[in-house]
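The file coords-v8.cif contains mmCIF, C-alpha atoms:
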```cif
data_work
loop_
_atom_site.label_atom_id
_atom_site.label_comp_id
_atom_site.auth_asym_id
_atom_site.auth_seq_id
_atom_site.Cartn_x
_atom_site.Cartn_y
_atom_site.Cartn_z
CA MET M 123 37.13 -33.17 8.47
CA SER M 124 36.15 -29.56 8.89
CA ALA M 125 33.03 -28.19 7.25
CA HIS M 126 33.33 -26.52 3.86
CA PRO M 127 34.04 -22.80 4.32
CA ILE M 128 30.65 -21.86 2.84
CA ALA M 129 28.91 -23.73 5.66
CA GLN M 130 30.65 -21.45 8.16
CA LEU M 131 28.44 -18.60 6.99
CA GLN M 132 25.73 -19.99 9.25
CA GLY M 133 27.84 -19.18 12.28
CA VAL M 134 28.31 -15.63 11.01
CA LEU M 135 24.54 -15.19 10.75
CA ASP M 136 23.97 -16.67 14.20
CA GLU M 137 26.60 -14.39 15.71
CA ALA M 138 25.00 -11.33 14.09
CA VAL M 139 21.70 -12.27 15.71
CA SER M 140 23.33 -12.86 19.07
CA VAL M 141 24.96 -9.41 19.13
CA GLY M 142 21.78 -7.68 17.99
CA ILE M 143 22.64 -6.54 14.45
CA PHE M 144 19.26 -7.96 13.42
CA PRO M 145 16.72 -10.27 15.09
CA ALA M 146 16.43 -12.69 12.17
CA ALA M 147 17.80 -13.41 8.72
CA GLN M 148 17.58 -15.64 5.68
CA VAL M 149 20.33 -16.07 3.10
CA VAL M 150 20.46 -17.89 -0.23
CA VAL M 151 23.63 -18.03 -2.33
CA LEU M 152 23.52 -19.34 -5.89
CA HIS M 153 26.59 -20.06 -8.00
CA ARG M 154 26.09 -20.89 -11.66
CA GLY M 155 22.46 -21.57 -10.94
CA VAL M 156 23.07 -24.00 -8.09
CA GLN M 157 22.30 -23.21 -4.46
CA VAL M 158 25.58 -23.47 -2.57
CA PHE M 159 24.32 -22.03 0.71
CA GLY M 160 20.99 -21.50 2.41
CA GLY M 161 20.82 -20.23 5.96
CA VAL M 162 18.26 -19.09 8.50
CA ALA M 163 19.02 -17.34 11.78
CA GLY M 164 16.76 -16.16 14.58
CA PRO M 165 13.13 -17.11 15.26
CA VAL M 166 12.09 -17.56 11.61
CA SER M 167 11.88 -20.38 9.09
CA GLY M 168 12.68 -20.62 5.42
CA ASP M 169 9.15 -19.64 4.39
CA THR M 170 8.91 -16.58 6.65
CA ARG M 171 8.29 -13.50 4.52
CA PHE M 172 10.40 -10.39 5.13
CA ASP M 173 9.50 -6.83 4.24
CA LEU M 174 11.85 -6.34 1.28
CA ALA M 175 11.55 -2.52 1.37
CA SER M 176 13.41 -0.91 -1.57
CA VAL M 177 14.36 -4.26 -3.07
CA THR M 178 10.80 -3.78 -4.36
CA LYS M 179 12.27 -1.24 -6.79
CA VAL M 180 14.01 -3.99 -8.78
CA LEU M 181 12.10 -7.16 -7.89
CA CYS M 182 8.77 -5.56 -8.79
CA THR M 183 9.12 -2.23 -10.55
CA THR M 184 12.14 -2.73 -12.78
CA ALA M 185 11.10 -6.30 -13.56
CA LEU M 186 7.59 -5.17 -14.43
CA PHE M 187 8.98 -2.37 -16.59
CA LEU M 188 10.97 -4.96 -18.55
CA ARG M 189 7.85 -7.08 -19.08
CA LEU M 190 5.80 -4.12 -20.30
CA TRP M 191 8.71 -2.89 -22.43
CA THR M 192 8.81 -6.32 -24.05
CA GLN M 193 5.08 -6.03 -24.74
CA GLY M 194 5.50 -2.56 -26.26
CA LYS M 195 3.29 -0.87 -23.65
CA VAL M 196 5.97 1.42 -22.24
CA GLY M 197 9.65 2.07 -22.89
CA PRO M 198 12.64 4.06 -21.67
CA GLU M 199 11.73 7.09 -23.78
CA THR M 200 8.07 7.15 -22.73
CA PRO M 201 7.42 10.69 -21.43
CA VAL M 202 6.28 11.04 -17.83
CA ALA M 203 3.94 13.76 -19.17
CA ARG M 204 1.90 11.10 -20.98
CA PHE M 205 0.61 10.01 -17.57
CA PHE M 206 1.21 13.14 -15.46
CA PRO M 207 1.00 16.10 -17.86
CA ASP M 208 0.84 18.76 -15.13
CA ALA M 209 3.60 17.32 -12.94
CA PRO M 210 6.79 19.40 -12.67
CA VAL M 211 8.82 16.32 -13.59
CA GLY M 212 6.62 15.80 -16.64
CA GLU M 213 6.79 19.44 -17.69
CA ALA M 214 10.60 19.25 -17.43
CA GLY M 215 10.56 16.57 -20.14
CA ALA M 216 11.53 13.60 -17.99
CA THR M 217 11.07 10.08 -19.32
CA VAL M 218 10.56 6.69 -17.73
CA ALA M 219 14.31 6.14 -18.14
CA ASP M 220 15.00 9.26 -16.08
CA LEU M 221 12.96 7.81 -13.23
CA LEU M 222 14.70 4.44 -13.52
CA TYR M 223 18.18 6.01 -13.52
CA HIS M 224 17.27 8.35 -10.61
CA ARG M 225 18.17 11.41 -12.69
CA SER M 226 14.72 13.04 -12.90
CA GLY M 227 15.57 15.75 -10.37
CA LEU M 228 12.92 14.60 -7.88
CA PRO M 229 13.91 14.59 -4.18
CA PRO M 230 14.84 11.37 -2.37
CA PHE M 231 12.01 11.47 0.18
CA VAL M 232 8.87 13.42 1.05
CA PRO M 233 6.77 12.41 4.12
CA PHE M 234 3.45 12.21 2.26
CA PHE M 235 2.09 10.02 5.06
CA ALA M 236 2.23 12.89 7.56
CA GLU M 237 -0.29 15.02 5.67
CA ALA M 238 -2.43 11.94 5.02
CA LEU M 239 -2.55 10.99 8.70
CA ARG M 240 -3.36 14.53 9.79
CA ALA M 241 -6.17 14.78 7.25
CA HIS M 242 -7.45 11.24 7.84
CA PRO M 243 -6.61 10.04 11.38
CA GLU M 244 -9.14 7.25 10.89
CA LEU M 245 -6.51 5.50 8.76
CA GLN M 246 -5.10 4.30 12.08
CA GLU M 247 -8.35 2.62 13.10
CA PRO M 248 -8.78 -1.15 12.62
CA GLY M 249 -12.09 -0.71 10.81
CA CYS M 250 -10.86 1.93 8.36
CA PRO M 251 -13.08 1.70 5.25
CA ALA M 252 -11.46 0.36 2.10
CA GLU M 253 -12.90 3.29 0.17
CA LEU M 254 -10.91 5.75 2.30
CA ARG M 255 -7.65 3.85 1.87
CA THR M 256 -8.22 3.80 -1.89
CA ARG M 257 -8.92 7.54 -1.94
CA VAL M 258 -5.88 8.38 0.19
CA ARG M 259 -3.68 6.27 -2.08
CA ALA M 260 -4.80 8.35 -5.05
CA GLU M 261 -4.17 11.55 -3.08
CA VAL M 262 -0.60 10.48 -2.28
CA ILE M 263 0.09 9.70 -5.94
CA GLN M 264 -1.16 13.16 -6.90
CA ALA M 265 0.97 14.73 -4.16
CA ALA M 266 3.99 12.89 -5.53
CA ALA M 267 3.16 14.20 -9.00
CA ARG M 268 3.03 17.78 -7.67
CA THR M 269 6.45 17.51 -6.01
CA PRO M 270 8.87 20.22 -7.20
CA LEU M 271 12.20 19.13 -8.61
CA LEU M 272 15.14 19.23 -6.22
CA ASN M 273 17.73 19.41 -9.00
CA PRO M 274 17.53 20.34 -12.67
CA TRP M 275 16.54 17.40 -14.81
CA ARG M 276 19.39 15.12 -15.98
CA THR M 277 22.11 16.97 -14.07
CA HIS M 278 22.41 14.85 -10.91
CA THR M 279 21.92 11.30 -9.79
CA ALA M 280 19.69 11.55 -6.72
CA TYR M 281 18.12 8.35 -5.45
CA SER M 282 14.39 9.05 -5.28
CA ASP M 283 11.53 7.19 -3.66
CA VAL M 284 9.25 9.85 -5.13
CA GLY M 285 10.31 8.93 -8.65
CA PHE M 286 9.52 5.27 -8.07
CA ILE M 287 6.13 6.09 -6.56
CA LEU M 288 5.32 7.77 -9.88
CA LEU M 289 6.94 4.96 -11.85
CA GLY M 290 4.79 2.36 -10.12
CA GLU M 291 1.66 4.28 -11.10
CA ILE M 292 2.88 4.74 -14.68
CA LEU M 293 3.38 0.99 -15.01
CA SER M 294 -0.03 0.32 -13.50
CA ARG M 295 -1.71 2.61 -16.03
CA ALA M 296 0.35 1.27 -18.93
CA GLY M 297 -0.43 -2.31 -17.92
CA GLY M 298 -4.11 -1.65 -17.33
CA ALA M 299 -4.26 -3.18 -13.83
CA PRO M 300 -3.23 -2.43 -10.23
CA LEU M 301 0.49 -2.69 -9.56
CA ASP M 302 0.19 -5.66 -7.21
CA GLU M 303 -1.92 -7.60 -9.74
CA LEU M 304 0.57 -6.92 -12.53
CA PHE M 305 3.45 -8.03 -10.30
CA ALA M 306 1.68 -11.26 -9.39
CA ARG M 307 0.77 -12.07 -13.00
CA LEU M 308 3.80 -10.87 -14.94
CA VAL M 309 6.71 -11.31 -12.53
CA ALA M 310 5.97 -13.53 -9.52
CA GLY M 311 3.99 -16.07 -11.55
CA PRO M 312 6.54 -16.69 -14.32
CA LEU M 313 9.43 -16.86 -11.82
CA GLY M 314 7.59 -19.04 -9.29
CA LEU M 315 7.91 -16.50 -6.47
CA SER M 316 5.90 -16.50 -3.27
CA ALA M 317 6.61 -12.76 -2.92
CA ARG M 318 3.63 -10.44 -2.85
CA PHE M 319 2.37 -7.09 -1.67
CA HIS M 320 0.40 -6.92 1.59
CA ARG M 321 -2.48 -4.69 0.56
CA LEU M 322 -4.16 -3.35 3.71
CA THR M 323 -7.62 -3.65 2.18
CA ALA M 324 -6.96 -7.36 1.54
CA PHE M 325 -4.71 -8.05 4.49
CA PRO M 326 -3.02 -11.50 4.70
CA SER M 327 -4.34 -13.74 7.43
CA ASP M 328 -1.23 -15.89 8.05
CA GLY M 329 1.48 -14.89 10.48
CA ARG M 330 4.60 -16.06 8.64
CA VAL M 331 6.05 -12.55 8.59
CA ALA M 332 9.19 -11.18 10.25
CA PRO M 333 8.36 -8.16 12.45
CA THR M 334 9.78 -4.72 11.69
CA GLY M 335 8.81 -1.52 13.53
CA ALA M 336 6.88 -1.23 16.79
CA THR M 337 4.67 1.77 16.04
CA ARG M 338 2.68 3.36 13.24
CA PRO M 339 3.96 5.71 12.04
CA ARG M 340 7.54 4.57 12.43
CA GLU M 341 10.11 6.70 14.20
CA PRO M 342 12.24 8.88 11.89
CA ALA M 343 15.21 7.24 10.23
CA PRO M 344 18.62 8.81 10.87
CA GLY M 345 18.59 12.18 9.10
CA GLN M 346 14.79 12.46 9.06
CA GLU M 347 14.42 13.88 12.57
CA GLY M 348 11.99 16.79 12.71
CA LEU M 349 10.73 16.48 9.13
CA TRP M 350 7.08 15.92 10.04
CA GLY M 351 6.56 16.81 13.69
CA GLU M 352 4.33 15.01 16.14
CA LEU M 353 1.72 12.56 14.86
CA PRO M 354 -0.66 10.28 16.75
CA SER M 355 0.70 6.75 16.84
CA ARG M 356 -0.50 3.26 17.60
CA ALA M 357 1.09 -0.14 18.02
CA ALA M 358 2.22 -1.72 14.78
CA VAL M 359 0.35 -4.61 13.18
CA LEU M 360 2.48 -7.58 12.16
CA GLY M 361 2.67 -7.90 8.40
CA GLU M 362 1.92 -4.29 7.54
CA VAL M 363 4.54 -2.67 5.35
CA ASP M 364 7.27 -0.86 7.28
CA ASP M 365 7.50 2.17 4.98
CA ASP M 366 4.92 4.79 6.03
CA ASN M 367 4.45 6.25 2.55
CA ALA M 368 3.75 2.77 1.19
CA TRP M 369 1.43 2.18 4.15
CA VAL M 370 -0.81 5.16 3.35
CA MET M 371 -0.80 3.88 -0.25
CA ASP M 372 -2.67 0.76 0.94
CA GLY M 373 0.62 -1.15 1.09
CA VAL M 374 1.24 -1.05 -2.67
CA SER M 375 3.83 1.23 -4.27
CA GLY M 376 6.61 1.14 -6.81
CA HIS M 377 9.20 2.09 -4.21
CA ALA M 378 8.39 -0.37 -1.39
CA GLY M 379 5.81 -2.90 -0.28
CA VAL M 380 6.77 -6.38 -1.49
CA PHE M 381 7.18 -9.12 1.11
CA GLY M 382 9.18 -12.23 0.26
CA THR M 383 11.83 -14.75 1.21
CA ALA M 384 15.52 -15.00 0.43
CA VAL M 385 14.56 -17.75 -2.02
CA ASP M 386 12.33 -15.27 -3.87
CA VAL M 387 15.07 -12.66 -4.02
CA ALA M 388 17.65 -15.21 -5.17
CA ARG M 389 15.34 -16.56 -7.88
CA PHE M 390 14.97 -13.06 -9.23
CA GLY M 391 18.75 -12.66 -9.15
CA GLN M 392 19.11 -15.87 -11.11
CA ALA M 393 16.51 -14.60 -13.59
CA ILE M 394 18.82 -11.65 -14.27
CA LEU M 395 21.67 -14.01 -15.16
CA ALA M 396 19.33 -16.21 -17.19
CA GLY M 397 17.98 -13.18 -19.04
CA CYS M 398 21.48 -12.12 -20.01
CA ALA M 399 22.07 -15.68 -21.26
CA GLY M 400 19.00 -15.54 -23.49
CA ASP M 401 16.14 -16.73 -21.29
CA ALA M 402 13.20 -14.45 -22.14
CA ALA M 403 11.00 -15.35 -19.14
CA LEU M 404 10.94 -11.66 -18.20
CA ALA M 405 12.55 -9.97 -21.18
CA PRO M 406 14.84 -10.85 -24.10
CA GLY M 407 18.59 -10.56 -23.65
CA PRO M 408 19.09 -7.27 -25.53
CA LEU M 409 16.65 -5.50 -23.21
CA TRP M 410 18.41 -6.95 -20.16
CA TYR M 411 21.78 -5.74 -21.43
CA ARG M 412 20.43 -2.26 -21.99
CA ALA M 413 18.70 -2.22 -18.60
CA LEU M 414 21.83 -3.31 -16.72
CA ALA M 415 24.23 -0.93 -18.46
CA SER M 416 25.40 2.13 -16.54
CA ASP M 417 23.57 5.40 -17.06
CA PRO M 418 24.80 6.62 -20.48
CA LEU M 419 24.10 10.30 -19.73
CA LEU M 420 25.65 10.98 -16.32
CA ALA M 421 29.31 10.04 -16.06
CA GLY M 422 30.24 8.39 -12.79
CA SER M 423 26.73 7.29 -11.89
CA THR M 424 26.50 3.85 -10.30
CA ARG M 425 22.89 3.54 -11.49
CA SER M 426 21.44 1.44 -14.27
CA MET M 427 17.70 1.00 -14.88
CA GLY M 428 16.50 0.62 -11.30
CA PHE M 429 19.62 -1.23 -10.19
CA ASP M 430 22.70 0.01 -8.41
CA SER M 431 26.28 -1.20 -8.85
CA PRO M 432 29.18 -1.26 -6.40
CA SER M 433 30.87 2.12 -6.02
CA LYS M 434 34.64 2.56 -6.13
CA ALA M 435 34.60 3.15 -2.40
CA LEU M 436 33.70 0.19 -0.20
CA SER M 437 30.05 -0.58 -0.84
CA SER M 438 27.58 -3.01 0.69
CA ALA M 439 28.72 -5.51 -1.95
CA GLY M 440 32.16 -5.72 -0.34
CA HIS M 441 35.56 -5.75 -2.03
CA PHE M 442 35.02 -8.49 -4.61
CA LEU M 443 31.51 -8.45 -6.05
CA GLY M 444 31.59 -6.45 -9.26
CA ASP M 445 35.38 -6.02 -9.25
CA THR M 446 35.72 -7.54 -12.73
CA PRO M 447 33.80 -6.57 -15.90
CA PRO M 448 30.92 -6.73 -16.58
CA GLY M 449 30.54 -5.99 -12.87
CA ALA M 450 27.62 -6.54 -10.54
CA VAL M 451 24.12 -5.17 -10.05
CA GLY M 452 21.88 -5.15 -7.02
CA HIS M 453 19.83 -3.14 -4.58
CA LEU M 454 19.43 -2.57 -0.85
CA GLY M 455 16.30 -2.38 1.28
CA PHE M 456 16.00 -0.12 4.33
CA THR M 457 14.65 -2.93 6.51
CA GLY M 458 17.96 -4.78 6.15
CA THR M 459 17.54 -6.62 2.85
CA SER M 460 19.75 -6.82 -0.22
CA LEU M 461 20.40 -8.53 -3.53
CA TRP M 462 23.73 -8.60 -5.34
CA VAL M 463 24.35 -10.37 -8.63
CA ASP M 464 27.92 -10.69 -9.88
CA LEU M 465 27.63 -11.04 -13.66
CA ARG M 466 31.17 -12.38 -14.21
CA ARG M 467 31.08 -14.91 -11.39
CA SER M 468 27.45 -15.99 -12.06
CA LEU M 469 26.96 -15.46 -8.34
CA VAL M 470 23.74 -14.41 -6.59
CA VAL M 471 23.65 -13.40 -2.92
CA ALA M 472 20.24 -12.73 -1.36
CA LEU M 473 20.41 -11.48 2.24
CA VAL M 474 17.16 -10.56 3.97
CA THR M 475 16.93 -9.38 7.58
CA ASN M 476 14.58 -7.35 9.75
CA ARG M 477 17.23 -5.14 11.36
CA VAL M 478 14.70 -2.28 11.87
CA ALA M 479 12.89 -4.37 14.48
CA HIS M 480 15.68 -3.26 16.84
CA GLY M 481 14.90 0.37 15.94
CA ARG M 482 15.86 2.52 12.98
CA GLN M 483 18.96 3.78 14.80
CA GLU M 484 20.45 0.26 14.60
CA THR M 485 22.75 0.66 11.58
CA ARG M 486 25.43 -2.00 12.05
CA ILE M 487 23.98 -3.73 8.99
CA ARG M 488 26.12 -1.23 7.02
CA ASP M 489 29.26 -2.92 8.32
CA PHE M 490 27.82 -6.43 8.23
CA ARG M 491 26.81 -6.46 4.55
CA PRO M 492 30.28 -5.92 2.99
CA LEU M 493 31.88 -8.29 5.48
CA PHE M 494 29.34 -11.00 4.70
CA HIS M 495 29.62 -10.62 0.94
CA ASP M 496 33.40 -10.82 1.14
CA LEU M 497 33.12 -14.01 3.19
CA VAL M 498 30.80 -15.55 0.59
CA VAL M 499 33.22 -14.86 -2.26
CA GLN M 500 36.21 -16.10 -0.28
CA ALA M 501 34.43 -19.23 0.91
CA LEU M 502 33.73 -20.15 -2.71
CA ASP M 503 37.35 -19.39 -3.67
CA LEU M 504 36.15 -16.76 -6.13
CA ASP M 505 38.07 -13.81 -4.74
CA ASP M 506 40.82 -13.85 -7.40
CA LEU M 507 39.67 -13.88 -11.03
CA THR M 508 43.07 -12.83 -12.38
CA PRO M 509 44.00 -15.08 -15.30
CA LYS M 510 46.72 -17.55 -14.26
CA ALA M 511 49.87 -17.85 -16.31
CA HIS M 512 50.64 -21.25 -17.84
CA GLY M 513 54.06 -22.65 -18.37
#
```
For the structure just supplied, provide its representation as structure tokens.
Amino acid sequence: MSAHPIAQLQGVLDEAVSVGIFPAAQVVVLHRGVQVFGGVAGPVSGDTRFDLASVTKVLCTTALFLRLWTQGKVGPETPVARFFPDAPVGEAGATVADLLYHRSGLPPFVPFFAEALRAHPELQEPGCPAELRTRVRAEVIQAAARTPLLNPWRTHTAYSDVGFILLGEILSRAGGAPLDELFARLVAGPLGLSARFHRLTAFPSDGRVAPTGATRPREPAPGQEGLWGELPSRAAVLGEVDDDNAWVMDGVSGHAGVFGTAVDVARFGQAILAGCAGDAALAPGPLWYRALASDPLLAGSTRSMGFDSPSKALSSAGHFLGDTPPGAVGHLGFTGTSLWVDLRRSLVVALVTNRVAHGRQETRIRDFRPLFHDLVVQALDLDDLTPKAHG
């Protein structure tokens, strides 16, 4: 007898490694709360932690927002000006919801790390004092707060790392503790996650980490060429966050910095489904429904509170995930990670890779993701949810 089609996904992962799309990967697929596939490819094991990059935005920042919203410490209508009164985004009248929906008007990316490294080249030294890293982190947050708006407030959806840097600090201040401590206590703990930030001033000693870039700072991503000029570089240290802005923030930011496994990402995905079904481990159902609903102000936006949803054009979710109401939510990470949760199918797909270890110009993950997600849905015979006629 041939193997069940879902088991054939392992061969797809192995082939992707062999042709160099990424050096290593982990995958966990859950259907109705049951793991139906778990795969590992490349020189890693199931407990190897991957740099989750922007999956941090939902796994940490959105999840933490929901916890603090439940506790009444912050909410969608909380003004940014309460925490950053002199910031252009605060003066414009933006709220926490505007940051979550990516409609604050802030730009997608600013290379804050470049100024930090020029002003403090000793950040690259192994014995860099913790006090300096702490001070530079505060300087970067203030630089983010001073960032001019790229678009008028609430007129465009523009995905913004800058907005989530500010959001992470807002949540830290609202919660009365550092962001990584709040994540560990209010999100990772209740969900049983091994995921955590790798703070440089308390660097992890184990080596169960998938490598990413070769140098610090990293080479520019496609489209970033020439944005910051020449900077002194050194060899990368395994386990340090890939994102350079998160790196100069001591490894802890609302936009990037969490390391975890596919199991961690999938458990969070299942927590979304459980929350919608009434499990209040992170937040009660009504808050989940509001958080996952599409932006009510900007027509056509694929954004909800922190999450993305599949676009009408072919997205990383493939052809099937989210094709039937109430759709799907998820997020991508630049390092080659992703989470998609199909709310109708009760299906969670957590795919984590370290594709940037082959260089930031290696972008075949863009083609691999939709193909893989389609194969998952088809292997589970979930590709056609059209009601069948009886007679």
Against region 216-240 of chain M, which residues of region 365-387 of chain M fall within 10 Å? For each one I want the closest pair of atoms and the distance in Å (one decimal), counting only C-alpha atoms, rows by chain and increasing residue number, as JSON lines.
```
{"residue": "M:Asp365", "atom": "CA", "partner": "M:Phe235", "partner_atom": "CA", "distance": 9.5}
{"residue": "M:Asp366", "atom": "CA", "partner": "M:Phe235", "partner_atom": "CA", "distance": 6.0}
{"residue": "M:Asn367", "atom": "CA", "partner": "M:Phe235", "partner_atom": "CA", "distance": 5.1}
{"residue": "M:Ala368", "atom": "CA", "partner": "M:Phe235", "partner_atom": "CA", "distance": 8.4}
{"residue": "M:Trp369", "atom": "CA", "partner": "M:Phe235", "partner_atom": "CA", "distance": 7.9}
{"residue": "M:Val370", "atom": "CA", "partner": "M:Phe235", "partner_atom": "CA", "distance": 5.9}
{"residue": "M:Met371", "atom": "CA", "partner": "M:Phe235", "partner_atom": "CA", "distance": 8.6}
```
Save the residues we just selected, C-alpha atoms, as a compact mmCIF listing (two decimals), in the frame of the given file?
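See result-v2.txt below for the written result:
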```
# COMPACT_ATOMS: atom_id res chain seq x y z
CA ASP M 365 7.50 2.17 4.98
CA ASP M 366 4.92 4.79 6.03
CA ASN M 367 4.45 6.25 2.55
CA ALA M 368 3.75 2.77 1.19
CA TRP M 369 1.43 2.18 4.15
CA VAL M 370 -0.81 5.16 3.35
CA MET M 371 -0.80 3.88 -0.25
```
Calculated over all atoms listed in the file, which of the candidates M:Ala479, M:Gly164, M:Gln148, M:Leu322 has the smallest distance to Cys250 (chain M)? M:Leu322
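Note that the spacing between CA of Val162 (chain M) and CA of Val149 (chain M) amounts to 6.5 Å.
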List as a PDB file with C-alpha atoms, in the frame of the given file the protein and nucleic acid residues near Gly373 (chain M), meaning an atom at most 12 Å away when all atoms listed in the file are counted, but skip any in the same chain fewer than 3 places from it.
```pdb
ATOM      1  CA  ASP M 173       9.500  -6.830   4.240  1.00  0.00           C
ATOM      2  CA  ALA M 175      11.550  -2.520   1.370  1.00  0.00           C
ATOM      3  CA  THR M 178      10.800  -3.780  -4.360  1.00  0.00           C
ATOM      4  CA  PHE M 235       2.090  10.020   5.060  1.00  0.00           C
ATOM      5  CA  ARG M 255      -7.650   3.850   1.870  1.00  0.00           C
ATOM      6  CA  THR M 256      -8.220   3.800  -1.890  1.00  0.00           C
ATOM      7  CA  VAL M 258      -5.880   8.380   0.190  1.00  0.00           C
ATOM      8  CA  ARG M 259      -3.680   6.270  -2.080  1.00  0.00           C
ATOM      9  CA  ILE M 287       6.130   6.090  -6.560  1.00  0.00           C
ATOM     10  CA  LEU M 301       0.490  -2.690  -9.560  1.00  0.00           C
ATOM     11  CA  ASP M 302       0.190  -5.660  -7.210  1.00  0.00           C
ATOM     12  CA  ARG M 318       3.630 -10.440  -2.850  1.00  0.00           C
ATOM     13  CA  PHE M 319       2.370  -7.090  -1.670  1.00  0.00           C
ATOM     14  CA  HIS M 320       0.400  -6.920   1.590  1.00  0.00           C
ATOM     15  CA  ARG M 321      -2.480  -4.690   0.560  1.00  0.00           C
ATOM     16  CA  LEU M 322      -4.160  -3.350   3.710  1.00  0.00           C
ATOM     17  CA  THR M 323      -7.620  -3.650   2.180  1.00  0.00           C
ATOM     18  CA  ALA M 324      -6.960  -7.360   1.540  1.00  0.00           C
ATOM     19  CA  PHE M 325      -4.710  -8.050   4.490  1.00  0.00           C
ATOM     20  CA  PRO M 326      -3.020 -11.500   4.700  1.00  0.00           C
ATOM     21  CA  GLY M 361       2.670  -7.900   8.400  1.00  0.00           C
ATOM     22  CA  GLU M 362       1.920  -4.290   7.540  1.00  0.00           C
ATOM     23  CA  VAL M 363       4.540  -2.670   5.350  1.00  0.00           C
ATOM     24  CA  ASP M 364       7.270  -0.860   7.280  1.00  0.00           C
ATOM     25  CA  ASP M 365       7.500   2.170   4.980  1.00  0.00           C
ATOM     26  CA  ASP M 366       4.920   4.790   6.030  1.00  0.00           C
ATOM     27  CA  ASN M 367       4.450   6.250   2.550  1.00  0.00           C
ATOM     28  CA  ALA M 368       3.750   2.770   1.190  1.00  0.00           C
ATOM     29  CA  TRP M 369       1.430   2.180   4.150  1.00  0.00           C
ATOM     30  CA  VAL M 370      -0.810   5.160   3.350  1.00  0.00           C
ATOM     31  CA  GLY M 376       6.610   1.140  -6.810  1.00  0.00           C
ATOM     32  CA  HIS M 377       9.200   2.090  -4.210  1.00  0.00           C
ATOM     33  CA  ALA M 378       8.390  -0.370  -1.390  1.00  0.00           C
ATOM     34  CA  GLY M 379       5.810  -2.900  -0.280  1.00  0.00           C
ATOM     35  CA  VAL M 380       6.770  -6.380  -1.490  1.00  0.00           C
ATOM     36  CA  PHE M 381       7.180  -9.120   1.110  1.00  0.00           C
TER      37      PHE M 381
END
```
Just want the 10 Å neighbourhood of Gly314 (chain M), counted on only C-alpha atoms, with same-chain residues fewer than 5 positions away dropped. Output as a list in words. Ala306, Val309, Asp386, Arg389 and Phe390 of chain M
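When the PyMOL selection byres ((chain M and resi 201-204) around 10) is evaluated against the file, it yields Val196, Gly197, Pro198, Glu199, Thr200, Phe205, Phe206, Pro207, Asp208, Ala209, Pro210, Val211, Gly212, Glu213, Ala214, Gly215, Ala216, Thr217, Val218, Ala219, Asp220, Leu221, Ser226, Ala267, Leu288, Leu289 and Ile292 of chain M.
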For region 484-494 of chain M, list every protein, DNA or RNA residue within 6 Å, evaluated using all atoms listed in the file, and leave out those in the same chain fewer than 4 positions away; present the list as a ChimeraX atom specification. /M:143,438-440
Might you pull out every residue within 12 Å of Arg425 (chain M), with all atoms listed in the file counted and same-chain residues fewer than 2 positions away left off, and present them as a ChimeraX atom specification? /M:180,219-225,278-282,413-423,427-433,450-453
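Interatomic distance, CA of Ala163 (chain M) against CA of Ala138 (chain M): 8.8 Å.
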For the structure provided, state which residues fall under the PyMOL selection byres ((chain M and resi 474) around 6), and present them as a ChimeraX atom specification. /M:147-148,384,459,473,475
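For the pair CA of Ala501 (chain M) and CA of Pro127 (chain M), the separation is 5.0 Å.
Once the PyMOL selection byres ((chain M and resi 359) around 10) is applied to the depicted file, the selected set reads Pro248, Pro333, Thr334, Gly335, Ala336, Thr337, Arg338, Arg356, Ala357, Ala358, Leu360, Gly361, Glu362, Val363 and Asp364 of chain M.
Distances here use all atoms listed in the file; by that measure, the residue among M:Pro354, M:Pro165, M:Pro406, M:Gly160 closest to Leu190 (chain M) is M:Pro406.
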Quick one: everything within 12 Å of Val156 (chain M), counting all atoms listed in the file, minus sequence neighbours fewer than 6 positions away in the same chain. Send it as a compact mmCIF listing (two decimals) with C-alpha atoms, keeping the file's coordinate frame.
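After the write, out.txt holds the following:
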```txt
# COMPACT_ATOMS: atom_id res chain seq x y z
CA VAL M 150 20.46 -17.89 -0.23
CA ALA M 388 17.65 -15.21 -5.17
CA ARG M 389 15.34 -16.56 -7.88
CA GLN M 392 19.11 -15.87 -11.11
CA SER M 468 27.45 -15.99 -12.06
CA LEU M 469 26.96 -15.46 -8.34
CA VAL M 470 23.74 -14.41 -6.59
CA VAL M 471 23.65 -13.40 -2.92
```
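Remark: for Leu502 (chain M), the closest of the candidate residues M:Arg154, M:Glu291, M:Asp372, M:Ala403 is M:Arg154 (distances computed over all atoms listed in the file).
Ranking M:Gly142, M:Gly168, M:Gly400, M:Gly455 by their shortest atom-to-atom distance to Val385 (chain M), with only C-alpha atoms included, puts M:Gly168 first.
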